[in-house]
Amino acid sequence: MEDAKEEEASSKSSSSIQSVSCIKCFDALWFCYSPFHQMQQYYRYGNFDNCFGKWNALFDCLSLKTKRPSEVQEILEAREKAKPHIWTYRTVEEASANWWKMYSHIVTAPRRPDQQFPGNRGPSSE
């Protein structure tokens, strides 16, 4: 009786259940070992990519395939909630404090409007 209820519940929510496909993980792992990607990594960072993250993603995907759809749905929803949002909403004061924390090493003192930038030769300096 409980199995019938579970099947009915799963069929009702099947449209909302996300399917897990490991094809993207396989493709990413395959590309990771390609000569193009390895040379690109060597050029940019000075060492080759060990593809460790791609292996982890593949094993994670394959482990999700062994779980029941309800468990998979819960895991995927928890991951989605744990992801930070692309934008961080701040008040003006918070944004200003964050900006100064991140970029104060670049800005030493505010420039006056009449002050020339270094290397900028205006008509007054000739």
# chains A, B, ... in the order shown; residues from 1 in each chain; ligands from 1
>>> residues_around(residues="Trp55 in chain A", least_positions_apart="2", cutoff="10 Å", atoms="only C-alpha atoms", output="PyMOL selection string")
chain A and resi 25-26+28-29+32+50-53+57-61
>>> select_by_dssp(residues="range 30-84 of chain A", states="helix (DSSP H, G or I)", output="number ranges by chain")
A: 30-32, 35-45, 52-65, 69-82
>>> atom_distance(atom1="CA of Ala95 in chain A", atom2="CA of Lys81 in chain A")
23.7 Å
>>> atom_distance(atom1="CA of Lys65 in chain A", atom2="CA of Cys22 in chain A")
8.8 Å
>>> atom_distance(atom1="CA of Val107 in chain A", atom2="CA of Trp87 in chain A")
24.3 Å
>>> residues_around(residues="Ile75 in chain A", least_positions_apart="2", cutoff="12 Å", atoms="only C-alpha atoms", output="list in words")
Ile17, Gln18, Val20, Asp60, Cys61, Ser63, Leu64, Lys65, Lys67, Arg68, Pro69, Ser70, Glu71, Val72, Gln73, Glu77, Ala78, Arg79, Glu80, Lys81 and Ala82 of chain A
